[in-house]
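Remarks on the structure that follows.
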Amino acid sequence: MASSSSKADPAPEAGVGRTVNRAKTPSIGKIGRASAPYLLILPSILFAFWIIGYPIYDMANMSVHAVNRFGKTAAFNDFANYQRLFSHQLFIGCLIRTLVWTVFVVGGTVLLSVPIALILNERFYGRTLARIIIMLPWAVSLTMTGIVWRWSLNGQFGMVNATLSSFGLQDTPVEWLATSTTAFPILIAIGILVSIPFTVTVILGGLSSLQADIFEAATIDGATGWQRFRYLTLPLIRPFLNIVLVLNFIYVFNSFPLIWVMTQGDPANSTDILVTWLYKLAFRYGELGIASALSIVMFVILLALTITYAALAMRNERSQA
Amino acid sequence: MYQNRKRRVVSLLAGAAAILSVSSAAQAETIRVVLGYYSAATQGLFEGMAKDFMEKHPGDEVKIEVIQWDNLQQRLTTDIAGGTAPDIAMIGTRWLVDYVKNDIAEPLDAYMTPEFKAGFIESFLSPSTFDGKMYGLPVAASARAMYYNKDLLAKAGVNEPPTNWDGVVDTAKKIKALGTDAYGFALQGKEIETDAYWYYSLWTHGGEILKDGKSGVASPEAIKALTLYKSMIDEGLTEPDPTGLNRQDIERLFKQGRIGMILSGPWLRGQIKADAPTLNYGLSAIPEGTAKATYGVTDTLMVFNSSPNKELAMKFLTETAFSPKWRIEFSTKEGFLPVMKEEAAAPVFADDPQLKAFTDMLPYARFAPPVANWEQMVDAVIAAVQKVYIGQAQPEAALTEAATTIDGLIQQ
C-alpha cells in the first residue's frame with residue numbers, strides 16, 4: 001500500500017507539467033499527443049503489413065492468373081485455377097484427410113497433454129527429469145523424427161518388426177507404411193507425440209498460475225479429486241486450453257515434414273493431406289496457379305475456423321462471467 | 001571560365017567512358033554452372049574441369065555449384081522466376097520440354113561443329129532434340145538390366161538366368177520353394193521410379209506409355225503387364241507388401257542376398273562393390289515378353305538463353321566438359337554409361353563384360369516421352385499401380401482411370 005501511494009504521488013506533478021505544455025501550443029499539442037504513439041508504431045505496423053500482407057497479396061494475385069511453372073504470370077483467367085482445383089479428383093479426398101488428421105492429432109494431443117501436465121505439476125521425486133523427457137521430442141526436428149520413425153517402421157529392416165518378432169508376436173514382417181489403414185493411424189500417433197511437448201508446456205504454465213487456497217477450500221468442503229479437477233482446474237485453465245487448441249490446429253493443419261518424410265502421401269495419395277499435395281502441385285508438377293489457389297483456400301479455411309473458435313470461446317467466457 | 005570547366009567535365013567523362021569500355025572488353029567473364037549431386041565425386045569432377053578450362057582461358061572464371069537432385073528443379077524454377085538463372089544447368093532430360101516451351105533453353109546447334117555432334121551415340125541425342133534443334137547435351141546416361149543372385153539361383157536349381165517373364169516366374173517359384181527368407185523377384189512399390197519398374201513389363205509386353213498422342217497405359221498389353229506383377233505378389237514370388245519398399249529398400253535386400261532377381265541400373269554395381277563385395281551376382285537383359293526393351297535415362301547440360309556469356313559457356317562444354325578425358329573420368333567415377341563414341345571405345349568400358357549387359361540393351365532403350373506435364377502423368381501411373389499392388393483396385397479399372405487422367409493432361 002505504502003509503495004503504491006508513494007508511486008502515485010509524482011503523478012500530479014507530471015500532470016501539472018503537462019498542462020503547462022499544453023497551454024503553450026493548445027491545438028497541435030493535443031492532436032500530436034493523441035496520435036504520437038500511433039505515429040511511433042506506424043512504421044512497425046506498415047512493415048508488419050508488408051511482411052505478412054505482401055505474400056498473401058502476391059499469392060492471391062497469382063491464383064486468379066494463368067501462371068507458368070517458372071512463376072511468370074499471364075492474363076487474368078476467370079478463376080479457372082479455382083475451378084480446376086475444386087473439380088480435381090484428389091481435392092475432396094485430401095480435404096477430408098486433412099480434417100481427420102487435424103482433429104485426431106489436436107484432439108489426441110490435448111487429451112493426453114492435460115493428464116501429463118497434471119502429473120508433472122505434482123511434486124514427486126525426479127519431476128525435473130520427467131519434465132525434461134517429455135520436452136525432449138521438441139528439441140528434435142520434425143524431419144529427423146520422421147526419418148527415425150520411417151526407419152523403425154521399415155518392414156524388412158525396421159526395429160519395430162524386429163522387436164515384435166523377437167517377442168514372438170509376429171511371423172511375417174508387416175510393412176507398416178505400405179497401406180493407409182496402418183500408415184495413417186501411425187502418422188496421427190506420431191503427430192500427437194511431437195505435439196505433446198508444446199501443449200504440455202502451455203498447460204503447465206496455466207496450472208502453475210492456479211492458487212492453492214481455492215483447492216484447499218474445496219478439499220475442506222469435501223470435494224473429491226475429480227470434482228476439484230472438473231469444477232476448479234478445468235475452468236481455470238480454459239484460456240490456456242483455448243490457446244493450445246487454436247495454435248495446434250494451425251500448426252497441424254499445415255504440418256508438412258512428418259507426412260512428407262514418412263510416406264510422401266503414398267500409396268496412391270491415400271496419406272496425402274492438403275499441404276503435401278500443395279507441395280506436389282507447386283514443385284513437382286509446376287502447377288503454380290492451382291497451387292496458389294489451394295494456398296488461398298487453406299488460408300481461408302484456417303482463418304474461418306480460428307475466428308469461429310475464438311468467437312465461441314469469447315462468448316463462453318463472457319457468459320460464464 | 002564556365003565553358004572551360006564544362007569542357008573539362010565532358011572530356012573527363014569521355015575519358016572515363018573510354019577506360020570503362022576498354023576494361024569491359026578485356027574484362028574476365030564468369031560463367032555459373034549449377035549441377036545435380038550424383039555422389040561425393042561430382043563436385044571434384046567439375047571443379048577439375050573448371051580448373052582445366054580456366055588454365056586454357058586465363059581471366060575467365062567458371063563457378064561450380066552442386067545441388068541435391070531433390071531440390072534442383074525447385075531451385076532453378078525460383079532462379080528463373082527471379083531473373084538470376086545460371087549460365088549452364090544440369091537437368092533431368094524430361095524437364096527440358098518445359099524449358100524449351102517457355103523459351104528458357106538456348107538452341108545449341110549454332111555453337112557446335114558437326115564433328116562434335118557426331119561424337120555422341122545417336123540414341124542419346126533424341127530426347128533433347130525438339131523440332132530438329134538440340135537444346136541440351138546428354139551428360140549422364142543409364143540403361144537398366146537384370147541383376148541376379150548366382151548363388152540363390154543355383155541353390156534353386158537354375159543355372160542360367162531367365163530371359164523371359166515365364167522364366168522369371170518359374171525361377172521365382174523355385175526360390176520360394178527353398179523356404180528361406182529370400183524372395184524370388186524384387187518389386188518396387190513406392191517413390192521415385194515406381195512407374196519405371198512397371199514400364200519394364202509394359203514395354204516388354206509390347207505396350208507404350210503414349211501412343212498416337214493418347215495414353216497407352218490402359219491398352220490390353222498394359223493390363224497384361226500389370227496383371228503379371230499382381231499375380232506374382234499374390235503368389236508370394238515378390239517381397240510382401242511392395243508398396244512399403246522404395247528403390248533403395250529393394251536394392252538393400254538384393255545386397256543382403258535375399259532377392260533372386262532385380263531390375264536396376266549401373267549404379268548398383270558400385271554399391272555392391274562397396275557394401276557387399278562377396279555377393280556372387282550376374283547381369284543379364286531385362287526379361288522379354290513379346291519385345292525387348294529397357295529404360296534409358298539421360299540427364300542433360302543446357303544453356304540458358306538469358307545468359308550473357310553463351311559463347312563461353314558452350315566453349316566450356318565443348319572444349320572441356322565433353323572432352324574424352326573428362327567424359328571417361330566422369331562416367332567411370334559416377335558409374336554411368338558412355339554417351340560419346342570415343343568414350344565407349346575406351347578400354348574401361350569396352351573391356352568390361354558386366355557393362356555389356358547395359359550397353360547391349362541400348363538399341364532397345366526407351367526414353368520418357370518428351371511431353372509437358374510428365375511428372376503428373378508419372379504420379380497418375382504410380383497411383384494406379386499402387387492401388388493394384390495393395391489390392392484396392394483391379395488392373396483394368398486402375399489403369400483406365402490413369403489413362404483418363406493422362407489424356408486430360410495431354411489436352412491441356
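Every chain in the C-alpha cells has a letter given in the order shown (A, B, ...), and although residue numbers restart at 1 in each chain, ligands are simply numbered from 1 in the order shown.
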Practice task
Mind the document's chain letters and residue numbers, and return as number ranges by chain the residues of range 80-302 of chain B that DSSP labels strand (DSSP E or B).
Solution key: B: 88-92, 105, 120, 129-130, 133-134, 137-142, 145-149, 164, 183-185, 210-211, 214-215, 259-264, 281-284, 288, 294-295, 297-302
Can you write out the residues you just picked, keeping C-alpha atoms, as a compact mmCIF listing (two decimals), in the first residue's frame?
# COMPACT_ATOMS: atom_id res chain seq x y z
CA ILE B 88 24.62 -23.66 -67.51
CA ALA B 89 22.49 -26.12 -65.58
CA MET B 90 22.27 -29.86 -65.32
CA ILE B 91 18.66 -31.04 -65.51
CA GLY B 92 16.71 -34.23 -65.94
CA ALA B 105 16.78 -23.02 -73.10
CA PHE B 120 27.69 -38.67 -79.47
CA THR B 129 16.04 -32.59 -79.67
CA PHE B 130 12.89 -30.59 -80.33
CA LYS B 133 17.10 -28.38 -82.77
CA MET B 134 19.30 -29.60 -79.94
CA LEU B 137 23.93 -32.30 -74.29
CA PRO B 138 23.43 -35.69 -72.61
CA VAL B 139 25.77 -35.78 -69.64
CA ALA B 140 24.85 -38.92 -67.73
CA ALA B 141 23.20 -41.94 -69.24
CA SER B 142 21.93 -45.11 -67.74
CA ALA B 145 19.34 -54.57 -66.75
CA MET B 146 18.50 -57.54 -64.57
CA TYR B 147 20.82 -58.36 -61.67
CA TYR B 148 20.54 -61.93 -60.39
CA ASN B 149 21.98 -63.65 -57.37
CA ASN B 164 11.69 -64.04 -70.44
CA TYR B 183 12.30 -63.61 -52.32
CA GLY B 184 12.33 -64.50 -56.00
CA PHE B 185 11.74 -61.21 -57.74
CA LEU B 210 1.85 -42.76 -75.08
CA LYS B 211 0.56 -43.94 -78.43
CA LYS B 214 -3.09 -40.65 -76.41
CA SER B 215 -2.33 -42.60 -73.30
CA ILE B 259 16.48 -61.30 -53.66
CA GLY B 260 16.84 -63.63 -56.64
CA MET B 261 16.29 -61.11 -59.44
CA ILE B 262 16.07 -57.33 -59.50
CA LEU B 263 15.87 -54.76 -62.30
CA SER B 264 18.19 -51.84 -61.75
CA TYR B 281 25.83 -61.88 -58.81
CA GLY B 282 25.43 -61.71 -62.57
CA LEU B 283 23.86 -59.34 -65.06
CA SER B 284 21.54 -60.11 -67.94
CA GLU B 288 11.40 -60.35 -72.61
CA THR B 294 14.98 -51.24 -71.30
CA TYR B 295 14.55 -47.85 -69.72
CA VAL B 297 17.51 -42.23 -68.76
CA THR B 298 19.73 -39.28 -69.53
CA ASP B 299 20.49 -36.09 -67.72
CA THR B 300 21.28 -33.01 -69.74
CA LEU B 301 23.51 -29.97 -69.59
CA MET B 302 21.65 -26.99 -71.03
Distance cut-off 9 Å, counting only C-alpha atoms - which residues of chain B neighbour chain A? Return them as an mmCIF file with all heavy atoms, in the first residue's frame.
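Contents of the output file iface23.cif:
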data_model
loop_
_atom_site.group_PDB
_atom_site.id
_atom_site.type_symbol
_atom_site.label_atom_id
_atom_site.label_comp_id
_atom_site.auth_asym_id
_atom_site.auth_seq_id
_atom_site.Cartn_x
_atom_site.Cartn_y
_atom_site.Cartn_z
ATOM 1 N N GLN B 73 15.144 -28.859 -59.242
ATOM 2 C CA GLN B 73 14.089 -28.277 -60.068
ATOM 3 C C GLN B 73 13.496 -27.048 -59.390
ATOM 4 O O GLN B 73 13.282 -26.015 -60.017
ATOM 5 C CB GLN B 73 12.999 -29.347 -60.309
ATOM 6 C CG GLN B 73 11.761 -28.854 -60.982
ATOM 7 C CD GLN B 73 11.884 -28.868 -62.493
ATOM 8 O OE1 GLN B 73 12.846 -28.383 -63.069
ATOM 9 N NE2 GLN B 73 10.899 -29.435 -63.149
ATOM 10 N N GLN B 74 13.269 -27.161 -58.069
ATOM 11 C CA GLN B 74 12.690 -26.042 -57.330
ATOM 12 C C GLN B 74 13.643 -24.859 -57.338
ATOM 13 O O GLN B 74 13.242 -23.718 -57.552
ATOM 14 C CB GLN B 74 12.411 -26.498 -55.903
ATOM 15 C CG GLN B 74 11.638 -25.485 -55.103
ATOM 16 C CD GLN B 74 11.636 -25.831 -53.628
ATOM 17 O OE1 GLN B 74 11.786 -26.978 -53.246
ATOM 18 N NE2 GLN B 74 11.480 -24.830 -52.802
ATOM 19 N N LEU B 76 16.049 -24.124 -59.541
ATOM 20 C CA LEU B 76 16.161 -23.493 -60.863
ATOM 21 C C LEU B 76 14.907 -22.689 -61.176
ATOM 22 O O LEU B 76 14.975 -21.588 -61.707
ATOM 23 C CB LEU B 76 16.401 -24.554 -61.940
ATOM 24 C CG LEU B 76 17.792 -25.201 -61.912
ATOM 25 C CD1 LEU B 76 17.868 -26.337 -62.920
ATOM 26 C CD2 LEU B 76 18.871 -24.176 -62.222
ATOM 27 N N THR B 77 13.742 -23.268 -60.816
ATOM 28 C CA THR B 77 12.482 -22.570 -61.037
ATOM 29 C C THR B 77 12.499 -21.211 -60.363
ATOM 30 O O THR B 77 12.142 -20.187 -60.950
ATOM 31 C CB THR B 77 11.314 -23.405 -60.485
ATOM 32 O OG1 THR B 77 11.391 -24.706 -61.050
ATOM 33 C CG2 THR B 77 9.989 -22.797 -60.825
ATOM 34 N N THR B 78 12.955 -21.191 -59.101
ATOM 35 C CA THR B 78 12.994 -19.936 -58.356
ATOM 36 C C THR B 78 13.983 -18.962 -58.995
ATOM 37 O O THR B 78 13.703 -17.772 -59.120
ATOM 38 C CB THR B 78 13.405 -20.204 -56.900
ATOM 39 O OG1 THR B 78 12.915 -21.481 -56.524
ATOM 40 C CG2 THR B 78 12.845 -19.174 -55.979
ATOM 41 N N ASP B 79 15.152 -19.481 -59.394
ATOM 42 C CA ASP B 79 16.159 -18.625 -60.020
ATOM 43 C C ASP B 79 15.638 -18.016 -61.316
ATOM 44 O O ASP B 79 15.837 -16.833 -61.584
ATOM 45 C CB ASP B 79 17.428 -19.430 -60.328
ATOM 46 C CG ASP B 79 18.304 -19.593 -59.094
ATOM 47 O OD1 ASP B 79 17.919 -19.049 -58.043
ATOM 48 O OD2 ASP B 79 19.341 -20.253 -59.182
ATOM 49 N N ILE B 80 14.973 -18.834 -62.118
ATOM 50 C CA ILE B 80 14.468 -18.344 -63.398
ATOM 51 C C ILE B 80 13.415 -17.269 -63.158
ATOM 52 O O ILE B 80 13.439 -16.204 -63.764
ATOM 53 C CB ILE B 80 13.883 -19.511 -64.227
ATOM 54 C CG1 ILE B 80 15.003 -20.466 -64.632
ATOM 55 C CG2 ILE B 80 13.152 -18.990 -65.454
ATOM 56 C CD1 ILE B 80 14.522 -21.826 -65.077
ATOM 57 N N ALA B 81 12.503 -17.555 -62.205
ATOM 58 C CA ALA B 81 11.454 -16.583 -61.900
ATOM 59 C C ALA B 81 12.047 -15.286 -61.386
ATOM 60 O O ALA B 81 11.552 -14.197 -61.671
ATOM 61 C CB ALA B 81 10.484 -17.176 -60.871
ATOM 62 N N GLY B 82 13.159 -15.378 -60.634
ATOM 63 C CA GLY B 82 13.760 -14.179 -60.071
ATOM 64 C C GLY B 82 14.768 -13.514 -60.983
ATOM 65 O O GLY B 82 15.394 -12.536 -60.598
ATOM 66 N N ASP B 98 9.703 -28.376 -70.852
ATOM 67 C CA ASP B 98 9.149 -27.159 -70.240
ATOM 68 C C ASP B 98 10.062 -25.962 -70.467
ATOM 69 O O ASP B 98 9.594 -24.849 -70.679
ATOM 70 C CB ASP B 98 8.959 -27.365 -68.736
ATOM 71 C CG ASP B 98 7.717 -28.184 -68.420
ATOM 72 O OD1 ASP B 98 6.697 -27.958 -69.108
ATOM 73 O OD2 ASP B 98 7.770 -29.027 -67.526
ATOM 74 N N ASN B 102 8.890 -22.714 -72.688
ATOM 75 C CA ASN B 102 8.844 -21.386 -72.078
ATOM 76 C C ASN B 102 10.004 -20.499 -72.511
ATOM 77 O O ASN B 102 10.256 -19.468 -71.892
ATOM 78 C CB ASN B 102 8.821 -21.514 -70.553
ATOM 79 C CG ASN B 102 7.491 -22.038 -70.055
ATOM 80 O OD1 ASN B 102 6.471 -21.388 -70.218
ATOM 81 N ND2 ASN B 102 7.485 -23.223 -69.489
ATOM 82 N N GLY B 189 7.612 -50.587 -55.031
ATOM 83 C CA GLY B 189 6.219 -50.165 -54.923
ATOM 84 C C GLY B 189 5.997 -48.749 -54.460
ATOM 85 O O GLY B 189 4.855 -48.309 -54.325
ATOM 86 N N LYS B 190 7.093 -47.990 -54.172
ATOM 87 C CA LYS B 190 6.820 -46.602 -53.800
ATOM 88 C C LYS B 190 7.963 -45.681 -54.178
ATOM 89 O O LYS B 190 9.090 -46.119 -54.364
ATOM 90 C CB LYS B 190 6.482 -46.481 -52.312
ATOM 91 C CG LYS B 190 7.641 -46.656 -51.367
ATOM 92 C CD LYS B 190 7.214 -46.249 -49.951
ATOM 93 C CE LYS B 190 8.344 -46.450 -48.966
ATOM 94 N NZ LYS B 190 7.962 -46.147 -47.598
ATOM 95 N N GLU B 191 7.594 -44.422 -54.273
ATOM 96 C CA GLU B 191 8.509 -43.312 -54.516
ATOM 97 C C GLU B 191 9.150 -43.334 -55.907
ATOM 98 O O GLU B 191 8.696 -44.033 -56.786
ATOM 99 C CB GLU B 191 9.531 -43.222 -53.376
ATOM 100 C CG GLU B 191 8.829 -42.805 -52.089
ATOM 101 C CD GLU B 191 9.690 -42.891 -50.850
ATOM 102 O OE1 GLU B 191 10.902 -43.042 -50.964
ATOM 103 O OE2 GLU B 191 9.115 -42.807 -49.750
ATOM 104 N N PRO B 240 6.833 -59.298 -49.618
ATOM 105 C CA PRO B 240 5.447 -58.938 -49.281
ATOM 106 C C PRO B 240 5.250 -57.423 -49.247
ATOM 107 O O PRO B 240 6.197 -56.680 -48.974
ATOM 108 C CB PRO B 240 5.240 -59.545 -47.891
ATOM 109 C CG PRO B 240 6.613 -59.743 -47.335
ATOM 110 C CD PRO B 240 7.531 -59.953 -48.500
ATOM 111 N N ASP B 241 4.027 -56.979 -49.520
ATOM 112 C CA ASP B 241 3.654 -55.556 -49.469
ATOM 113 C C ASP B 241 4.636 -54.638 -50.203
ATOM 114 O O ASP B 241 5.278 -53.786 -49.580
ATOM 115 C CB ASP B 241 3.525 -55.077 -48.018
ATOM 116 C CG ASP B 241 2.467 -55.828 -47.247
ATOM 117 O OD1 ASP B 241 1.396 -56.077 -47.838
ATOM 118 O OD2 ASP B 241 2.707 -56.168 -46.081
ATOM 119 N N PRO B 242 4.763 -54.769 -51.505
ATOM 120 C CA PRO B 242 5.748 -53.945 -52.225
ATOM 121 C C PRO B 242 5.551 -52.449 -52.031
ATOM 122 O O PRO B 242 6.533 -51.699 -52.120
ATOM 123 C CB PRO B 242 5.527 -54.312 -53.696
ATOM 124 C CG PRO B 242 4.762 -55.566 -53.682
ATOM 125 C CD PRO B 242 4.011 -55.641 -52.409
ATOM 126 N N THR B 243 4.331 -51.975 -51.738
ATOM 127 C CA THR B 243 4.141 -50.524 -51.618
ATOM 128 C C THR B 243 4.856 -49.958 -50.403
ATOM 129 O O THR B 243 4.860 -48.764 -50.195
ATOM 130 C CB THR B 243 2.643 -50.153 -51.537
ATOM 131 O OG1 THR B 243 2.039 -50.957 -50.540
ATOM 132 C CG2 THR B 243 1.956 -50.341 -52.845
ATOM 133 N N GLY B 244 5.459 -50.830 -49.593
ATOM 134 C CA GLY B 244 6.245 -50.329 -48.470
ATOM 135 C C GLY B 244 7.713 -50.157 -48.814
ATOM 136 O O GLY B 244 8.489 -49.706 -47.982
ATOM 137 N N LEU B 245 8.114 -50.545 -50.031
ATOM 138 C CA LEU B 245 9.544 -50.528 -50.351
ATOM 139 C C LEU B 245 9.851 -49.607 -51.528
ATOM 140 O O LEU B 245 9.223 -49.713 -52.589
ATOM 141 C CB LEU B 245 10.044 -51.947 -50.673
ATOM 142 C CG LEU B 245 10.095 -52.890 -49.466
ATOM 143 C CD1 LEU B 245 8.795 -53.651 -49.351
ATOM 144 C CD2 LEU B 245 11.263 -53.839 -49.581
ATOM 145 N N ASP B 249 15.254 -49.676 -50.819
ATOM 146 C CA ASP B 249 14.880 -50.822 -49.980
ATOM 147 C C ASP B 249 15.078 -52.146 -50.712
ATOM 148 O O ASP B 249 15.636 -53.084 -50.154
ATOM 149 C CB ASP B 249 13.414 -50.699 -49.533
ATOM 150 C CG ASP B 249 13.209 -49.567 -48.542
ATOM 151 O OD1 ASP B 249 14.144 -49.276 -47.783
ATOM 152 O OD2 ASP B 249 12.120 -48.974 -48.536
ATOM 153 N N LEU B 253 17.833 -55.197 -50.044
ATOM 154 C CA LEU B 253 17.519 -56.627 -49.917
ATOM 155 C C LEU B 253 18.394 -57.453 -50.850
ATOM 156 O O LEU B 253 18.877 -58.523 -50.479
ATOM 157 C CB LEU B 253 16.037 -56.871 -50.259
ATOM 158 C CG LEU B 253 15.013 -56.611 -49.162
ATOM 159 C CD1 LEU B 253 13.612 -56.803 -49.712
ATOM 160 C CD2 LEU B 253 15.233 -57.552 -47.987
ATOM 161 N N ASN B 373 3.759 -31.790 -68.620
ATOM 162 C CA ASN B 373 3.002 -32.423 -67.535
ATOM 163 C C ASN B 373 3.429 -33.858 -67.256
ATOM 164 O O ASN B 373 2.662 -34.652 -66.723
ATOM 165 C CB ASN B 373 1.492 -32.427 -67.836
ATOM 166 C CG ASN B 373 0.941 -31.034 -67.900
ATOM 167 O OD1 ASN B 373 1.345 -30.169 -67.123
ATOM 168 N ND2 ASN B 373 0.042 -30.801 -68.828
ATOM 169 N N TRP B 374 4.663 -34.202 -67.623
ATOM 170 C CA TRP B 374 5.126 -35.581 -67.458
ATOM 171 C C TRP B 374 5.070 -36.028 -66.005
ATOM 172 O O TRP B 374 4.664 -37.159 -65.707
ATOM 173 C CB TRP B 374 6.541 -35.707 -68.040
ATOM 174 C CG TRP B 374 7.227 -36.991 -67.725
ATOM 175 C CD1 TRP B 374 8.349 -37.148 -66.988
ATOM 176 C CD2 TRP B 374 6.838 -38.303 -68.152
ATOM 177 N NE1 TRP B 374 8.685 -38.468 -66.918
ATOM 178 C CE2 TRP B 374 7.770 -39.208 -67.619
ATOM 179 C CE3 TRP B 374 5.781 -38.804 -68.907
ATOM 180 C CZ2 TRP B 374 7.696 -40.569 -67.818
ATOM 181 C CZ3 TRP B 374 5.695 -40.176 -69.114
ATOM 182 C CH2 TRP B 374 6.641 -41.037 -68.575
ATOM 183 N N GLU B 375 5.471 -35.154 -65.082
ATOM 184 C CA GLU B 375 5.514 -35.565 -63.677
ATOM 185 C C GLU B 375 4.120 -35.931 -63.160
ATOM 186 O O GLU B 375 3.972 -36.816 -62.329
ATOM 187 C CB GLU B 375 6.095 -34.446 -62.803
ATOM 188 C CG GLU B 375 7.461 -33.948 -63.241
ATOM 189 C CD GLU B 375 8.577 -34.951 -62.951
ATOM 190 O OE1 GLU B 375 8.419 -35.736 -62.015
ATOM 191 O OE2 GLU B 375 9.589 -34.945 -63.666
ATOM 192 N N GLN B 376 3.109 -35.247 -63.656
ATOM 193 C CA GLN B 376 1.742 -35.576 -63.222
ATOM 194 C C GLN B 376 1.302 -36.912 -63.793
ATOM 195 O O GLN B 376 0.579 -37.664 -63.151
ATOM 196 C CB GLN B 376 0.768 -34.484 -63.660
ATOM 197 C CG GLN B 376 0.875 -33.250 -62.801
ATOM 198 C CD GLN B 376 -0.304 -32.326 -63.022
ATOM 199 O OE1 GLN B 376 -1.396 -32.572 -62.556
ATOM 200 N NE2 GLN B 376 -0.071 -31.243 -63.729
ATOM 201 N N ASP B 379 2.821 -39.608 -61.689
ATOM 202 C CA ASP B 379 2.129 -39.850 -60.432
ATOM 203 C C ASP B 379 0.781 -40.535 -60.643
ATOM 204 O O ASP B 379 0.344 -41.302 -59.785
ATOM 205 C CB ASP B 379 1.966 -38.536 -59.652
ATOM 206 C CG ASP B 379 3.219 -38.220 -58.840
ATOM 207 O OD1 ASP B 379 4.246 -38.904 -59.063
ATOM 208 O OD2 ASP B 379 3.195 -37.317 -57.992
ATOM 209 N N ALA B 380 0.145 -40.274 -61.779
ATOM 210 C CA ALA B 380 -1.110 -40.972 -62.076
ATOM 211 C C ALA B 380 -0.828 -42.466 -62.263
ATOM 212 O O ALA B 380 -1.576 -43.322 -61.763
ATOM 213 C CB ALA B 380 -1.762 -40.390 -63.322
ATOM 214 N N ILE B 382 1.794 -44.131 -61.032
ATOM 215 C CA ILE B 382 2.216 -44.703 -59.748
ATOM 216 C C ILE B 382 0.992 -44.986 -58.874
ATOM 217 O O ILE B 382 0.883 -46.060 -58.273
ATOM 218 C CB ILE B 382 3.201 -43.751 -59.023
ATOM 219 C CG1 ILE B 382 4.526 -43.696 -59.787
ATOM 220 C CG2 ILE B 382 3.444 -44.210 -57.589
ATOM 221 C CD1 ILE B 382 5.579 -42.821 -59.151
ATOM 222 N N ALA B 383 0.050 -44.031 -58.838
ATOM 223 C CA ALA B 383 -1.156 -44.254 -58.032
ATOM 224 C C ALA B 383 -1.898 -45.487 -58.520
ATOM 225 O O ALA B 383 -2.382 -46.302 -57.718
ATOM 226 C CB ALA B 383 -2.057 -43.017 -58.088
ATOM 227 N N ALA B 384 -1.976 -45.666 -59.851
ATOM 228 C CA ALA B 384 -2.703 -46.819 -60.407
ATOM 229 C C ALA B 384 -2.032 -48.134 -60.019
ATOM 230 O O ALA B 384 -2.696 -49.062 -59.534
ATOM 231 C CB ALA B 384 -2.795 -46.697 -61.927
ATOM 232 N N VAL B 385 -0.711 -48.214 -60.191
ATOM 233 C CA VAL B 385 -0.064 -49.492 -59.875
ATOM 234 C C VAL B 385 -0.096 -49.749 -58.363
ATOM 235 O O VAL B 385 -0.260 -50.889 -57.941
ATOM 236 C CB VAL B 385 1.380 -49.598 -60.435
ATOM 237 C CG1 VAL B 385 1.398 -49.464 -61.948
ATOM 238 C CG2 VAL B 385 2.329 -48.615 -59.800
ATOM 239 N N GLN B 386 -0.004 -48.699 -57.576
ATOM 240 C CA GLN B 386 -0.075 -48.910 -56.120
ATOM 241 C C GLN B 386 -1.436 -49.448 -55.701
ATOM 242 O O GLN B 386 -1.522 -50.339 -54.865
ATOM 243 C CB GLN B 386 0.216 -47.596 -55.380
ATOM 244 C CG GLN B 386 1.696 -47.234 -55.389
ATOM 245 C CD GLN B 386 1.988 -45.954 -54.642
ATOM 246 O OE1 GLN B 386 1.149 -45.055 -54.590
ATOM 247 N NE2 GLN B 386 3.177 -45.839 -54.082
ATOM 248 N N LYS B 387 -2.500 -48.890 -56.320
ATOM 249 C CA LYS B 387 -3.842 -49.372 -55.978
ATOM 250 C C LYS B 387 -3.953 -50.860 -56.291
ATOM 251 O O LYS B 387 -4.601 -51.615 -55.557
ATOM 252 C CB LYS B 387 -4.900 -48.604 -56.777
ATOM 253 C CG LYS B 387 -5.256 -47.272 -56.151
ATOM 254 C CD LYS B 387 -6.329 -46.578 -56.973
ATOM 255 C CE LYS B 387 -6.385 -45.103 -56.622
ATOM 256 N NZ LYS B 387 -7.074 -44.325 -57.660
ATOM 257 N N ILE B 390 -1.771 -53.024 -53.691
ATOM 258 C CA ILE B 390 -2.367 -53.231 -52.372
ATOM 259 C C ILE B 390 -3.756 -53.855 -52.461
ATOM 260 O O ILE B 390 -4.415 -54.050 -51.448
ATOM 261 C CB ILE B 390 -2.446 -51.927 -51.536
ATOM 262 C CG1 ILE B 390 -3.240 -50.838 -52.256
ATOM 263 C CG2 ILE B 390 -1.085 -51.417 -51.162
ATOM 264 C CD1 ILE B 390 -3.326 -49.533 -51.487
#
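Closest approach to Thr404 in chain B among B:Val66, B:Val97, B:Ala218, B:Ala110 is made by B:Ala218 (distances from only C-alpha atoms).
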Handout entry: Computed interatomic separation between CA of Leu210 in chain A and CA of Phe198 in chain A (Å)
Key =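 Here the two named atoms are 19.4 Å from each other.
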Exercise for the section: Have a look at B:Arg252, B:Lys273, B:Lys333, B:Arg366 and name the one nearest to Ala186 in chain B; count only C-alpha atoms. Expected result: B:Arg252
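Neighbours of range 303-316 of chain A closer than or equal to 10 Å, with only C-alpha atoms counted and sequence neighbours fewer than 3 positions away skipped, come out as Arg238, Pro239, Asn242, Ile243, Leu245, Val246, Leu247, Phe249, Ile250, Val297, Met298, Phe299, Val300, Ser319, Gln320 and Ala321 of chain A.
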Practice task
DSSP on the backbone, then: every residue of range 201-351 of chain B marked helix (DSSP H, G or I), written as a ChimeraX atom specification.
Solution key: /B:201-204,220-234,242-244,247-255,267-275,310-321,324-334,341-345,347-350
Problem - Point-to-point distance from CA of Ile147 in chain A to CA of Ile190 in chain A, Å rounded to tenths - result: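 That distance, rounded to one decimal, is 11.8 Å.
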Exercise for the section: Compile the contact shell of range 317-325 of chain B as number ranges by chain: residues with an atom at most 6 Å away, counting only C-alpha atoms, same-chain residues fewer than 3 positions apart removed. Expected result: B: 314, 328, 343
Take the residues from that selection and put them in a file with C-alpha atoms, as a tab-separated table (two decimals), in the first residue's frame.
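Wrote it out as selection_21.tsv, contents follow:
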chain	number	residue	atom	x	y	z
B	314	MET	CA	29.41	-23.52	-74.79
B	328	ILE	CA	35.79	-41.11	-69.19
B	343	GLU	CA	34.40	-42.74	-74.63
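Take CA of Pro338 in chain B and CA of Leu362 in chain B: the distance between them is 10.9 Å.
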Handout entry: Non-local contacts of His57 in chain B (12 Å; only C-alpha atoms; under 2 positions in same chain excluded) as a PyMOL selection string
Key = chain B and resi 28-30+50-55+59-62+312-313+315-316+319-320
